[in-house]
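Below is one structure, written out as structure tokens, with a few remarks after it.
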Amino acid sequence: MYVDKMMSLKIETDVTILGAGPSGACAALSLLNNSTLNITLVEQSDFSQQRVGEHVSDSLFNFLDFLNIEPESLGEGCFIPTYGSTAYWGSNRPGFRNSVFTTQESTYQLNRELFDLGLIETAVERGARVLPRTHCLATNQLPDGTWQLILSHPHQGEFEIHSRFIVDATGRKASITRGIGGLSDKTDDLMGVGRFFQLAKGHKKTQEYIIESCEHGWWYGALLPNHTYVVTFYSDVDIIAKLRLNQQEGWNKLLSESKHIKHCVNNCKVTAPHPWSRPAFSQITMADNVNNFLAIGDAACAFDPISSMGIGFAFSSACHGANAIIAQLNPNNSDPKSNQAIKQYNLDLKSQFDNYRLLKQKFYQQELRWPQAPFWQRRAFNSSDVEELALDNSMT
Ligand SMILES: Cc1cc2nc3c(=O)[nH]c(=O)nc-3n(C[C@H](O)[C@H](O)[C@H](O)COP(=O)(O)OP(=O)(O)OC[C@H]3O[C@@H](n4cnc5c(N)ncnc54)[C@H](O)[C@@H]3O)c2cc1C
């Protein structure tokens, strides 16, 4: 049920998931499918904001299968196959993107609106309580380890949830984890600034995505559903500010200086006057000393979009996190305070993120054309990386 009318409310629930993006929805579905726990999803938005990030590998279908969701049920055109990729990375010659991040070959572009809303609708059908437009004002852990959350809704005012377990699925901000004293390790300051284009009638539609690096960062372009094409430039926040890439003049100028990607949107109209921007930094955030709590998706580990790992990780961390929660809250668990499954979950995240960091470095270090440019210098080898990589290689 969607709850948009808060009575003089104190909700009792087993698990509260804060954030109803892909990871939050997936955790709710996994918990509902595999336990009798009562689930509440708290989402601060009204679901109308434009979501970005759409390139996924076909391993996503395994997760949908695990969750008992038919891909077709998410709507016609939710997934469009990508028939290849061209990367101008490391040289001006076209190449396939070096698949350092995945061994999967088939990839898809998602319609994020259909996808995200379809997951939420399914969670509601299966019994989740969803509270949209609801802000979390305070999270207090009570002496018995359970949680009191103070929430606020624009029409209904403040109300309270009492929950046995809470999950942070708030995305890159990881606001719940930080609020309870968790720490983040942010490895860069990447930001994406992009524009959507409406493809003109008769425009050649190429169902492949393209990547092109340049002195200040890299471009990504891909066909999306509904005859839309997205072009995004990725660079560090200070470089974006210096070159005014969040304004149309700066962004358009840099696009016009590209060699390849500008041709993908020849004569196409932009759908909004100004570029949008989104943080895209890599980060791990953890509060692994707090009981009855875990983080999933971007709130736990946020990846560089070059890896296309975000949505797959949102699903894998949500499914594994849900298993750990079920183990922790199992009435047969003789010591409910023992959180072995949660500890193991957090250890697995740390090791995944360490591996990802090395893969990301290897990928960026294939581009050697602008050794003096700050964007690439910040991603160049230093001696400790070399030692770490050598150690890594000697172990494989
Ligand atoms: C520019 C860009 C391009 C990307 N491209 C790709 C790609 O091609 N492929 C890929 O796999 N991944 C990509 N990603 C990453 C992908 O979008 C994310 O990994 C994925 O959305 C993470 O899902 P999530 O549910 O963890 O977080 P989110 O999708 O960020 O969802 C978080 C939800 O929590 C809500 N929320 C936030 N704070 C609160 C709060 N305090 N209380 C309640 N609700 C809250 C938000 O409104 C939102 O609905 C990209 C990311 C960016 C920024």
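To be explicit about the labels: the chains of the structure tokens are called A, B, and onward in the order shown, and within each one the residues are counted from 1, while ligands get numbers from 1 in the order they are shown.
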Considering only C-alpha atoms and all ligand atoms, give me a table of residues in chain A that are at most 6 Å from ligand 1, with the closest atom pair and distance in Å for each, as a Markdown table.
| residue | atom | partner | partner_atom_place_in_ligand_line | distance |
| --- | --- | --- | --- | --- |
| A:Leu18 | CA | ligand 1 | 43 (C) | 4.7 |
| A:Gly19 | CA | ligand 1 | 34 (O) | 3.2 |
| A:Ala20 | CA | ligand 1 | 49 (O) | 4.8 |
| A:Gly21 | CA | ligand 1 | 25 (O) | 3.5 |
| A:Pro22 | CA | ligand 1 | 25 (O) | 4.0 |
| A:Ser23 | CA | ligand 1 | 25 (O) | 3.8 |
| A:Gly24 | CA | ligand 1 | 25 (O) | 5.4 |
| A:Val42 | CA | ligand 1 | 43 (C) | 5.2 |
| A:Glu43 | CA | ligand 1 | 44 (N) | 3.8 |
| A:Gln44 | CA | ligand 1 | 44 (N) | 4.1 |
| A:Ser45 | CA | ligand 1 | 47 (O) | 5.0 |
| A:Val52 | CA | ligand 1 | 3 (C) | 5.5 |
| A:Gly53 | CA | ligand 1 | 5 (N) | 3.1 |
| A:Glu54 | CA | ligand 1 | 8 (O) | 4.3 |
| A:His55 | CA | ligand 1 | 8 (O) | 3.6 |
| A:Val56 | CA | ligand 1 | 11 (O) | 5.1 |
| A:His135 | CA | ligand 1 | 42 (N) | 5.3 |
| A:Cys136 | CA | ligand 1 | 42 (N) | 5.5 |
| A:Ala169 | CA | ligand 1 | 26 (O) | 5.4 |
| A:Thr170 | CA | ligand 1 | 34 (O) | 3.7 |
| A:Gly171 | CA | ligand 1 | 27 (O) | 3.6 |
| A:Ser175 | CA | ligand 1 | 41 (N) | 5.8 |
| A:Gly192 | CA | ligand 1 | 1 (C) | 4.8 |
| A:Arg278 | CA | ligand 1 | 53 (C) | 4.9 |
| A:Pro279 | CA | ligand 1 | 53 (C) | 5.5 |
| A:Ala280 | CA | ligand 1 | 53 (C) | 4.6 |
| A:Gly297 | CA | ligand 1 | 26 (O) | 3.4 |
| A:Asp298 | CA | ligand 1 | 26 (O) | 4.0 |
| A:Ala299 | CA | ligand 1 | 26 (O) | 5.8 |
| A:Pro305 | CA | ligand 1 | 5 (N) | 4.6 |
| A:Ser308 | CA | ligand 1 | 9 (N) | 3.8 |
| A:Met309 | CA | ligand 1 | 11 (O) | 4.5 |
| A:Gly310 | CA | ligand 1 | 19 (O) | 3.1 |
| A:Ile311 | CA | ligand 1 | 11 (O) | 3.7 |
| A:Gly312 | CA | ligand 1 | 11 (O) | 5.7 |
| A:Ala314 | CA | ligand 1 | 26 (O) | 5.2 |
Those selected residues, please, written with C-alpha atoms and delivered as a PDB file, in the first residue's frame.
ATOM      1  CA  LEU A  18      15.379   4.564   3.646  1.00  0.00           C
ATOM      2  CA  GLY A  19      15.508   5.327  -0.085  1.00  0.00           C
ATOM      3  CA  ALA A  20      13.359   3.695  -2.764  1.00  0.00           C
ATOM      4  CA  GLY A  21      15.760   3.646  -5.704  1.00  0.00           C
ATOM      5  CA  PRO A  22      16.781   0.326  -7.309  1.00  0.00           C
ATOM      6  CA  SER A  23      18.646  -0.915  -4.219  1.00  0.00           C
ATOM      7  CA  GLY A  24      15.885  -0.039  -1.734  1.00  0.00           C
ATOM      8  CA  VAL A  42      10.667   5.616   3.117  1.00  0.00           C
ATOM      9  CA  GLU A  43      11.299   7.788   0.039  1.00  0.00           C
ATOM     10  CA  GLN A  44      11.918  11.513   0.268  1.00  0.00           C
ATOM     11  CA  SER A  45      10.867  12.314  -3.322  1.00  0.00           C
ATOM     12  CA  VAL A  52      20.126   8.827 -14.820  1.00  0.00           C
ATOM     13  CA  GLY A  53      22.358   5.768 -15.250  1.00  0.00           C
ATOM     14  CA  GLU A  54      21.035   3.184 -17.611  1.00  0.00           C
ATOM     15  CA  HIS A  55      23.720   0.919 -19.065  1.00  0.00           C
ATOM     16  CA  VAL A  56      23.518  -2.580 -17.542  1.00  0.00           C
ATOM     17  CA  HIS A 135      11.934  12.983   5.151  1.00  0.00           C
ATOM     18  CA  CYS A 136      13.846  11.352   7.931  1.00  0.00           C
ATOM     19  CA  ALA A 169      19.555   2.963   0.546  1.00  0.00           C
ATOM     20  CA  THR A 170      19.754   6.746   0.124  1.00  0.00           C
ATOM     21  CA  GLY A 171      22.281   6.707  -2.736  1.00  0.00           C
ATOM     22  CA  SER A 175      22.888  10.338   4.608  1.00  0.00           C
ATOM     23  CA  GLY A 192      28.651  14.028 -14.722  1.00  0.00           C
ATOM     24  CA  ARG A 278      25.077  14.590 -10.892  1.00  0.00           C
ATOM     25  CA  PRO A 279      27.878  13.563  -8.515  1.00  0.00           C
ATOM     26  CA  ALA A 280      29.607  10.458  -9.851  1.00  0.00           C
ATOM     27  CA  GLY A 297      23.641   0.252  -3.253  1.00  0.00           C
ATOM     28  CA  ASP A 298      25.392   3.582  -3.744  1.00  0.00           C
ATOM     29  CA  ALA A 299      24.997   4.343  -0.039  1.00  0.00           C
ATOM     30  CA  PRO A 305      29.904   5.264 -14.264  1.00  0.00           C
ATOM     31  CA  SER A 308      28.555   0.437 -15.448  1.00  0.00           C
ATOM     32  CA  MET A 309      28.533  -1.374 -12.092  1.00  0.00           C
ATOM     33  CA  GLY A 310      26.072   0.791 -10.132  1.00  0.00           C
ATOM     34  CA  ILE A 311      22.740  -0.852 -10.859  1.00  0.00           C
ATOM     35  CA  GLY A 312      24.126  -4.400 -10.819  1.00  0.00           C
ATOM     36  CA  ALA A 314      22.490  -2.070  -6.193  1.00  0.00           C
TER      37      ALA A 314
END
Identify, on the basis of only C-alpha atoms, every residue whose closest approach to Ser59 of chain A does not exceed 9 Å; exclude the query and any residue fewer than 4 positions from it along the same chain; express the result as a VMD selection string. chain A and resid 63 104 106 to 107 312
Output file for the selection above: C-alpha atoms, as a compact mmCIF listing (two decimals), in the first residue's frame:
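Final file, part12.txt:
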# COMPACT_ATOMS: atom_id res chain seq x y z
CA PHE A 63 18.54 -10.89 -10.30
CA GLN A 104 29.37 -10.06 -19.60
CA SER A 106 25.30 -8.55 -23.74
CA THR A 107 24.37 -5.16 -22.42
CA GLY A 312 24.13 -4.40 -10.82
The residue from A:Arg357, A:His153, A:Lys173, A:Lys10 with the smallest atom-to-atom distance to Ser307 of chain A, counting only C-alpha atoms, is A:Arg357
Extract, using only C-alpha atoms, all DNA, RNA and protein residues at most 12 Å from segment 86-88 of chain A, discarding same-chain residues fewer than 3 positions from it, and format them as a ChimeraX atom specification. /A:82-83,91-99,206-214,218-222,258-261,306,366-367,369
Include C-alpha atoms and write out the residues we just selected as a PDB file, in the first residue's frame.
ATOM      1  CA  THR A  82      22.997  -2.400 -26.992  1.00  0.00           C
ATOM      2  CA  TYR A  83      24.615  -3.811 -30.098  1.00  0.00           C
ATOM      3  CA  SER A  91      44.045   6.530 -28.863  1.00  0.00           C
ATOM      4  CA  ASN A  92      42.006   8.193 -31.560  1.00  0.00           C
ATOM      5  CA  ARG A  93      41.361   4.835 -33.180  1.00  0.00           C
ATOM      6  CA  PRO A  94      38.008   3.209 -32.430  1.00  0.00           C
ATOM      7  CA  GLY A  95      38.170   0.198 -30.203  1.00  0.00           C
ATOM      8  CA  PHE A  96      35.853  -1.855 -28.107  1.00  0.00           C
ATOM      9  CA  ARG A  97      35.802  -0.736 -24.536  1.00  0.00           C
ATOM     10  CA  ASN A  98      38.264  -2.834 -22.661  1.00  0.00           C
ATOM     11  CA  SER A  99      35.995  -5.010 -20.567  1.00  0.00           C
ATOM     12  CA  THR A 206      22.731   3.406 -33.551  1.00  0.00           C
ATOM     13  CA  GLN A 207      22.081   1.076 -30.669  1.00  0.00           C
ATOM     14  CA  GLU A 208      25.597   1.256 -29.375  1.00  0.00           C
ATOM     15  CA  TYR A 209      27.187   3.512 -26.863  1.00  0.00           C
ATOM     16  CA  ILE A 210      30.273   5.572 -27.387  1.00  0.00           C
ATOM     17  CA  ILE A 211      33.037   6.761 -25.090  1.00  0.00           C
ATOM     18  CA  GLU A 212      35.566   9.411 -26.038  1.00  0.00           C
ATOM     19  CA  SER A 213      38.273  10.737 -23.763  1.00  0.00           C
ATOM     20  CA  CYS A 214      39.708  14.235 -24.034  1.00  0.00           C
ATOM     21  CA  TRP A 218      35.576  11.791 -21.000  1.00  0.00           C
ATOM     22  CA  TRP A 219      32.332  11.783 -22.966  1.00  0.00           C
ATOM     23  CA  TYR A 220      29.627   9.124 -22.936  1.00  0.00           C
ATOM     24  CA  GLY A 221      26.804   8.928 -25.460  1.00  0.00           C
ATOM     25  CA  ALA A 222      24.007   6.360 -25.764  1.00  0.00           C
ATOM     26  CA  SER A 258      35.069  16.588 -29.587  1.00  0.00           C
ATOM     27  CA  LYS A 259      36.120  14.523 -32.581  1.00  0.00           C
ATOM     28  CA  HIS A 260      33.433  11.856 -32.624  1.00  0.00           C
ATOM     29  CA  ILE A 261      30.655  12.205 -30.102  1.00  0.00           C
ATOM     30  CA  ILE A 306      32.700   4.112 -16.618  1.00  0.00           C
ATOM     31  CA  GLN A 366      45.350   3.158 -20.384  1.00  0.00           C
ATOM     32  CA  GLU A 367      44.884   6.797 -21.385  1.00  0.00           C
ATOM     33  CA  ARG A 369      47.730  11.219 -24.156  1.00  0.00           C
TER      34      ARG A 369
END
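Of the residues under consideration (A:Phe375, A:Pro331, A:Leu183, A:Val265), A:Phe375 shows the shortest atom-to-atom contact distance to Val237 of chain A when counting only C-alpha atoms.
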Selection: 8 Å around Ile80 of chain A, only C-alpha atoms, excl. self and same-chain fewer than 3 positions, as a VMD selection string: chain A and resid 77 108 to 110 224 to 225
Write a file of the just-selected residues containing N, CA and C atoms, as a JSON list (two decimals), in the first residue's frame.
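The resulting file, selection_36.json, is shown below:
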[["chain", "number", "residue", "atom", "x", "y", "z"],
["A", 77, "GLY", "N", 9.57, -1.87, -23.74],
["A", 77, "GLY", "CA", 10.63, -0.90, -24.01],
["A", 77, "GLY", "C", 11.45, -0.56, -22.77],
["A", 108, "TYR", "N", 22.46, -3.73, -22.04],
["A", 108, "TYR", "CA", 21.16, -3.12, -22.32],
["A", 108, "TYR", "C", 21.14, -1.69, -21.82],
["A", 109, "GLN", "N", 20.28, -0.90, -22.44],
["A", 109, "GLN", "CA", 19.98, 0.44, -21.92],
["A", 109, "GLN", "C", 18.60, 0.37, -21.26],
["A", 110, "LEU", "N", 18.52, 0.86, -20.05],
["A", 110, "LEU", "CA", 17.27, 0.78, -19.30],
["A", 110, "LEU", "C", 16.44, 2.04, -19.47],
["A", 224, "LEU", "N", 18.75, 6.11, -25.79],
["A", 224, "LEU", "CA", 17.84, 5.68, -24.73],
["A", 224, "LEU", "C", 16.48, 5.38, -25.36],
["A", 225, "PRO", "N", 15.57, 4.78, -24.60],
["A", 225, "PRO", "CA", 14.22, 4.59, -25.14],
["A", 225, "PRO", "C", 13.58, 5.94, -25.49]]
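Among the candidates A:Val167, A:Ile161, A:Ile120, A:Val231, the one nearest to His263 of chain A when counting only C-alpha atoms is A:Val231.
Using only C-alpha atoms, the residues found no farther than 10 Å from Leu67 of chain A, other than those of its own chain fewer than 5 positions away, are Cys26, Ala27, Leu29, Ser30, Leu31, Leu32, Asn33, Asn34, Phe61, Asn62, Phe315 and Cys319 of chain A.
Proximity to Arg378 of chain A at 12 Å, evaluated using only C-alpha atoms and with sequence-adjacent residues fewer than 3 positions away removed, yields Thr187, Asp188, Asp189, Leu190, His216, Gly217, Ser235, Asp236, Ile239, Gln361, Tyr364, Gln365, Trp370, Pro371, Gln372, Ala373, Pro374, Phe375, Phe381 and Asn382 of chain A.
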For those residues, write N, CA and C atoms to a file as a JSON list (two decimals), in the first residue's frame.
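Heads up, here's the output in out-v7.json:
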[["chain", "number", "residue", "atom", "x", "y", "z"],
["A", 187, "THR", "N", 37.18, 8.50, -3.19],
["A", 187, "THR", "CA", 38.48, 8.38, -3.87],
["A", 187, "THR", "C", 38.69, 9.41, -4.97],
["A", 188, "ASP", "N", 37.67, 10.15, -5.36],
["A", 188, "ASP", "CA", 37.84, 11.17, -6.40],
["A", 188, "ASP", "C", 36.67, 12.14, -6.32],
["A", 189, "ASP", "N", 36.63, 13.08, -7.23],
["A", 189, "ASP", "CA", 35.60, 14.12, -7.19],
["A", 189, "ASP", "C", 34.82, 14.17, -8.50],
["A", 190, "LEU", "N", 34.60, 12.99, -9.09],
["A", 190, "LEU", "CA", 33.98, 12.95, -10.43],
["A", 190, "LEU", "C", 32.54, 13.46, -10.40],
["A", 216, "HIS", "N", 40.20, 16.97, -20.67],
["A", 216, "HIS", "CA", 39.60, 17.32, -19.38],
["A", 216, "HIS", "C", 38.75, 16.20, -18.75],
["A", 217, "GLY", "N", 38.61, 15.09, -19.42],
["A", 217, "GLY", "CA", 37.77, 14.03, -18.88],
["A", 217, "GLY", "C", 37.31, 13.11, -20.01],
["A", 235, "SER", "N", 33.98, 14.75, -15.50],
["A", 235, "SER", "CA", 35.25, 15.35, -15.09],
["A", 235, "SER", "C", 35.19, 15.62, -13.59],
["A", 236, "ASP", "N", 36.24, 16.22, -13.06],
["A", 236, "ASP", "CA", 36.23, 16.54, -11.64],
["A", 236, "ASP", "C", 35.49, 17.86, -11.41],
["A", 239, "ILE", "N", 37.21, 21.14, -12.28],
["A", 239, "ILE", "CA", 37.43, 21.35, -13.72],
["A", 239, "ILE", "C", 36.11, 21.76, -14.38],
["A", 361, "GLN", "N", 41.71, 1.94, -11.66],
["A", 361, "GLN", "CA", 43.03, 2.53, -11.94],
["A", 361, "GLN", "C", 43.60, 1.99, -13.25],
["A", 364, "TYR", "N", 41.81, 3.67, -16.23],
["A", 364, "TYR", "CA", 42.18, 5.07, -16.50],
["A", 364, "TYR", "C", 43.62, 5.18, -16.97],
["A", 365, "GLN", "N", 44.46, 4.29, -16.49],
["A", 365, "GLN", "CA", 45.87, 4.41, -16.84],
["A", 365, "GLN", "C", 46.19, 3.93, -18.26],
["A", 370, "TRP", "N", 47.38, 12.80, -22.32],
["A", 370, "TRP", "CA", 47.44, 14.15, -21.73],
["A", 370, "TRP", "C", 48.11, 14.07, -20.36],
["A", 371, "PRO", "N", 49.40, 13.72, -20.30],
["A", 371, "PRO", "CA", 50.05, 13.49, -19.00],
["A", 371, "PRO", "C", 50.09, 14.74, -18.12],
["A", 372, "GLN", "N", 49.99, 15.92, -18.73],
["A", 372, "GLN", "CA", 50.06, 17.15, -17.92],
["A", 372, "GLN", "C", 48.68, 17.63, -17.46],
["A", 373, "ALA", "N", 47.61, 17.02, -17.98],
["A", 373, "ALA", "CA", 46.27, 17.52, -17.64],
["A", 373, "ALA", "C", 45.87, 17.06, -16.25],
["A", 374, "PRO", "N", 45.36, 17.98, -15.41],
["A", 374, "PRO", "CA", 45.02, 17.61, -14.02],
["A", 374, "PRO", "C", 44.12, 16.38, -13.93],
["A", 375, "PHE", "N", 43.10, 16.28, -14.82],
["A", 375, "PHE", "CA", 42.16, 15.15, -14.72],
["A", 375, "PHE", "C", 42.91, 13.82, -14.81],
["A", 381, "PHE", "N", 49.48, 6.56, -12.22],
["A", 381, "PHE", "CA", 50.10, 5.65, -11.25],
["A", 381, "PHE", "C", 50.92, 6.43, -10.23],
["A", 382, "ASN", "N", 50.93, 5.99, -8.99],
["A", 382, "ASN", "CA", 52.01, 6.38, -8.11],
["A", 382, "ASN", "C", 52.65, 5.09, -7.60]]
